[in-house]
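Next comes start37.pdb, with PDB, C-alpha atoms, pLDDT in the B column.
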```
ATOM      1  CA  MET A   1      84.697 110.848 104.277  1.00 81.00           C
ATOM      2  CA  SER A   2      85.880 107.298 103.945  1.00 93.00           C
ATOM      3  CA  TYR A   3      83.388 104.516 103.228  1.00 96.00           C
ATOM      4  CA  ALA A   4      85.540 101.949 105.035  1.00 94.00           C
ATOM      5  CA  THR A   5      87.447 101.924 108.304  1.00 92.00           C
ATOM      6  CA  TYR A   6      90.759 100.343 109.171  1.00 91.00           C
ATOM      7  CA  GLU A   7      88.794  97.591 110.921  1.00 91.00           C
ATOM      8  CA  ASP A   8      86.889  96.912 107.670  1.00 92.00           C
ATOM      9  CA  TYR A   9      90.186  96.824 105.808  1.00 91.00           C
ATOM     10  CA  VAL A  10      91.661  94.238 108.179  1.00 90.00           C
ATOM     11  CA  GLU A  11      88.431  92.204 108.125  1.00 90.00           C
ATOM     12  CA  TYR A  12      88.570  91.981 104.308  1.00 87.00           C
ATOM     13  CA  GLY A  13      92.190  90.801 104.404  1.00 83.00           C
ATOM     14  CA  GLY A  14      94.153  94.065 104.160  1.00 80.00           C
ATOM     15  CA  LYS A  15      97.799  93.975 105.151  1.00 77.00           C
ATOM     16  CA  GLU A  16      98.847  97.650 105.410  1.00 76.00           C
ATOM     17  CA  GLU A  17      99.688  99.294 108.739  1.00 77.00           C
ATOM     18  CA  ALA A  18      97.180 101.548 110.509  1.00 78.00           C
ATOM     19  CA  ASP A  19      99.353 104.683 110.403  1.00 78.00           C
ATOM     20  CA  VAL A  20      99.116 105.064 106.613  1.00 82.00           C
ATOM     21  CA  ILE A  21      95.763 103.478 105.918  1.00 88.00           C
ATOM     22  CA  ASP A  22      93.393 106.361 106.786  1.00 88.00           C
ATOM     23  CA  ILE A  23      94.618 108.582 103.945  1.00 90.00           C
ATOM     24  CA  MET A  24      94.567 105.656 101.528  1.00 92.00           C
ATOM     25  CA  LEU A  25      90.999 104.736 102.536  1.00 94.00           C
ATOM     26  CA  GLU A  26      89.912 108.357 101.982  1.00 94.00           C
ATOM     27  CA  GLU A  27      91.528 108.572  98.533  1.00 93.00           C
ATOM     28  CA  SER A  28      90.168 105.189  97.519  1.00 94.00           C
ATOM     29  CA  SER A  29      86.684 106.218  98.678  1.00 96.00           C
ATOM     30  CA  ILE A  30      86.841 109.296  96.468  1.00 95.00           C
ATOM     31  CA  ASN A  31      87.844 107.172  93.471  1.00 93.00           C
ATOM     32  CA  ILE A  32      85.177 104.552  94.187  1.00 96.00           C
ATOM     33  CA  ASN A  33      82.560 107.331  94.273  1.00 95.00           C
ATOM     34  CA  LYS A  34      83.880 108.530  90.886  1.00 93.00           C
ATOM     35  CA  ALA A  35      83.467 105.010  89.517  1.00 92.00           C
ATOM     36  CA  CYS A  36      79.813 105.203  90.620  1.00 93.00           C
ATOM     37  CA  TYR A  37      79.405 108.582  88.879  1.00 90.00           C
ATOM     38  CA  GLY A  38      79.035 110.380  92.223  1.00 93.00           C
ATOM     39  CA  ARG A  39      75.973 108.375  93.210  1.00 94.00           C
ATOM     40  CA  ILE A  40      77.304 107.269  96.592  1.00 96.00           C
ATOM     41  CA  GLU A  41      77.636 110.889  97.729  1.00 95.00           C
ATOM     42  CA  GLY A  42      74.458 111.884  95.896  1.00 94.00           C
ATOM     43  CA  ILE A  43      72.307 109.223  97.548  1.00 95.00           C
ATOM     44  CA  GLY A  44      74.263 109.208 100.803  1.00 96.00           C
ATOM     45  CA  PHE A  45      76.228 106.179 101.929  1.00 96.00           C
ATOM     46  CA  GLU A  46      73.978 105.735 104.969  1.00 96.00           C
ATOM     47  CA  ASN A  47      70.897 105.634 102.682  1.00 96.00           C
ATOM     48  CA  LEU A  48      72.187 102.648 100.697  1.00 97.00           C
ATOM     49  CA  THR A  49      71.218  99.098 101.564  1.00 97.00           C
ATOM     50  CA  VAL A  50      73.437  97.110 103.907  1.00 97.00           C
ATOM     51  CA  TYR A  51      74.329  94.910 100.916  1.00 97.00           C
ATOM     52  CA  GLN A  52      75.437  97.930  98.860  1.00 97.00           C
ATOM     53  CA  GLN A  53      77.379  99.380 101.798  1.00 97.00           C
ATOM     54  CA  ASP A  54      79.233  96.099 102.299  1.00 97.00           C
ATOM     55  CA  LEU A  55      80.172  95.867  98.615  1.00 97.00           C
ATOM     56  CA  ILE A  56      81.359  99.488  98.596  1.00 97.00           C
ATOM     57  CA  LYS A  57      83.506  98.841 101.686  1.00 97.00           C
ATOM     58  CA  ARG A  58      85.000  95.798  99.957  1.00 96.00           C
ATOM     59  CA  ALA A  59      85.657  97.853  96.810  1.00 96.00           C
ATOM     60  CA  VAL A  60      87.400 100.589  98.816  1.00 96.00           C
ATOM     61  CA  CYS A  61      89.599  98.066 100.640  1.00 95.00           C
ATOM     62  CA  THR A  62      90.436  96.296  97.372  1.00 94.00           C
ATOM     63  CA  GLN A  63      91.327  99.644  95.813  1.00 93.00           C
ATOM     64  CA  VAL A  64      93.685 100.413  98.721  1.00 93.00           C
ATOM     65  CA  ASP A  65      95.555  97.179  98.054  1.00 90.00           C
ATOM     66  CA  PHE A  66      95.655  97.945  94.318  1.00 88.00           C
ATOM     67  CA  VAL A  67      97.139 101.394  94.980  1.00 86.00           C
ATOM     68  CA  THR A  68      99.624  99.891  97.427  1.00 86.00           C
ATOM     69  CA  ILE A  69     100.865  97.427  94.825  1.00 81.00           C
ATOM     70  CA  TYR A  70     100.776  99.626  91.700  1.00 75.00           C
ATOM     71  CA  GLY A  71     100.793 103.120  93.239  1.00 71.00           C
ATOM     72  CA  GLU A  72     103.955 104.481  91.682  1.00 63.00           C
ATOM     73  CA  PHE A  73     102.778 103.443  88.221  1.00 62.00           C
ATOM     74  CA  ILE A  74      99.135 104.580  88.389  1.00 63.00           C
ATOM     75  CA  ASP A  75      99.748 108.224  87.445  1.00 59.00           C
ATOM     76  CA  SER A  76     102.323 107.308  84.839  1.00 59.00           C
ATOM     77  CA  PRO A  77     101.590 108.542  81.304  1.00 55.00           C
ATOM     78  CA  MET A  78     102.407 105.109  79.921  1.00 61.00           C
ATOM     79  CA  SER A  79     100.004 102.175  80.016  1.00 63.00           C
ATOM     80  CA  GLY A  80     102.780  99.631  80.433  1.00 66.00           C
ATOM     81  CA  PHE A  81     106.451  98.975  80.000  1.00 69.00           C
ATOM     82  CA  SER A  82     108.921  96.219  79.408  1.00 78.00           C
ATOM     83  CA  ALA A  83     112.593  95.859  80.175  1.00 84.00           C
ATOM     84  CA  GLY A  84     114.235  92.703  78.947  1.00 85.00           C
ATOM     85  CA  SER A  85     112.091  89.783  80.031  1.00 87.00           C
ATOM     86  CA  ILE A  86     110.055  91.873  82.517  1.00 84.00           C
ATOM     87  CA  SER A  87     106.788  93.371  81.303  1.00 78.00           C
ATOM     88  CA  MET A  88     104.045  95.252  83.150  1.00 69.00           C
ATOM     89  CA  SER A  89     100.693  96.492  81.896  1.00 67.00           C
ATOM     90  CA  PHE A  90      97.586  97.929  83.552  1.00 56.00           C
ATOM     91  CA  LYS A  91      95.416  96.728  80.680  1.00 58.00           C
ATOM     92  CA  ASP A  92      94.208  93.598  82.449  1.00 59.00           C
ATOM     93  CA  THR A  93      94.233  94.764  86.066  1.00 66.00           C
ATOM     94  CA  ALA A  94      92.340  98.051  86.022  1.00 67.00           C
ATOM     95  CA  LYS A  95      90.038 100.363  84.138  1.00 74.00           C
ATOM     96  CA  SER A  96      89.992 104.142  84.000  1.00 73.00           C
ATOM     97  CA  VAL A  97      86.639 105.436  85.225  1.00 75.00           C
ATOM     98  CA  GLY A  98      85.957 109.114  85.782  1.00 71.00           C
ATOM     99  CA  GLY A  99      89.665 109.884  85.601  1.00 72.00           C
ATOM    100  CA  ALA A 100      90.553 107.317  88.254  1.00 77.00           C
ATOM    101  CA  LEU A 101      92.246 103.974  87.682  1.00 81.00           C
ATOM    102  CA  ILE A 102      90.077 101.400  89.481  1.00 89.00           C
ATOM    103  CA  SER A 103      91.036  97.756  89.906  1.00 90.00           C
ATOM    104  CA  ASN A 104      88.892  95.222  88.082  1.00 90.00           C
ATOM    105  CA  LYS A 105      88.225  93.431  91.358  1.00 92.00           C
ATOM    106  CA  ALA A 106      86.866  96.635  92.944  1.00 94.00           C
ATOM    107  CA  LEU A 107      84.749  97.267  89.837  1.00 93.00           C
ATOM    108  CA  GLY A 108      83.342  93.749  90.182  1.00 93.00           C
ATOM    109  CA  TYR A 109      82.104  94.608  93.665  1.00 95.00           C
ATOM    110  CA  LEU A 110      80.686  97.924  92.472  1.00 95.00           C
ATOM    111  CA  ASP A 111      78.862  96.389  89.522  1.00 93.00           C
ATOM    112  CA  SER A 112      76.806  94.354  91.988  1.00 92.00           C
ATOM    113  CA  THR A 113      75.629  97.527  93.751  1.00 95.00           C
ATOM    114  CA  GLY A 114      73.774  98.809  90.696  1.00 91.00           C
ATOM    115  CA  LEU A 115      75.497 102.208  91.038  1.00 93.00           C
ATOM    116  CA  THR A 116      77.887 101.945  88.088  1.00 89.00           C
ATOM    117  CA  SER A 117      75.360 101.887  85.266  1.00 84.00           C
ATOM    118  CA  ARG A 118      75.405 104.956  83.050  1.00 76.00           C
ATOM    119  CA  ARG A 119      71.660 104.538  82.522  1.00 72.00           C
ATOM    120  CA  LEU A 120      70.646 105.573  86.035  1.00 55.00           C
TER     121      LEU A 120
END
```

Please express the file's structure as structure tokens.
Amino acid sequence: MSYATYEDYVEYGGKEEADVIDIMLEESSININKACYGRIEGIGFENLTVYQQDLIKRAVCTQVDFVTIYGEFIDSPMSGFSAGSISMSFKDTAKSVGGALISNKALGYLDSTGLTSRRL
């Protein structure tokens, strides 16, 4: 189950085409739930407040864009690389949570939901 639709994705500024977005929204939803320690599924998305639902949708859409940009490097065993004057690192753009690499922007949305605290 995806927490965001293609319409949500476009509304939040997404640029990918509709034919590939459904799978990406599903995968991103799974990773966003991991970042919330399974609480979205545990509580039930429909049982969350409208505010929390909106932030989760934004996080999913942001994660889709992150995967689109960095996708081929996400599962790489290296944390960065450089070749001549070109350097790339995931250190500042994402964090590994629950085995998934989540963009810092998506984590910012999730932090406001109250679902990412380990204390809950």

Residues matched by the PyMOL selection byres ((chain A and resi 14) around 12) as a PyMOL selection string: chain A and resi 4-13+15-18+21+24-25+57-66+68-69

Who sits within 8 Å of Glu27 of chain A, all atoms listed in the file, same chain under 4 positions skipped, as a list in words: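 Near Glu27 of chain A, the qualifying residues are Ser2, Ile23 and Asn31 of chain A.
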
Prev. selection, C-alpha atoms, output as a PDB file, keeping the file's coordinate frame:
```pdb
ATOM      1  CA  SER A   2      85.880 107.298 103.945  1.00 93.00           C
ATOM      2  CA  ILE A  23      94.618 108.582 103.945  1.00 90.00           C
ATOM      3  CA  ASN A  31      87.844 107.172  93.471  1.00 93.00           C
TER       4      ASN A  31
END
```

Expansion of the PyMOL selection byres ((chain A and resi 98-112) around 8) into residues, as a PyMOL selection string: chain A and resi 31-32+34-37+52+55-56+58-60+62-63+66+74+92-97+113-117

Point-to-point distance from atom CA of Val50 of chain A to atom CA of Ser29 of chain A, Å rounded to tenths: 16.9 Å

d(atom CA of Ala83 of chain A, atom CA of Val67 of chain A) in Å: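 Between these atoms lies a distance of 22.1 Å.
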
Atom CA of Leu48 of chain A to atom CA of Tyr3 of chain A, distance in Å rounded to a single decimal: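 That distance, rounded to one decimal, is 11.6 Å.
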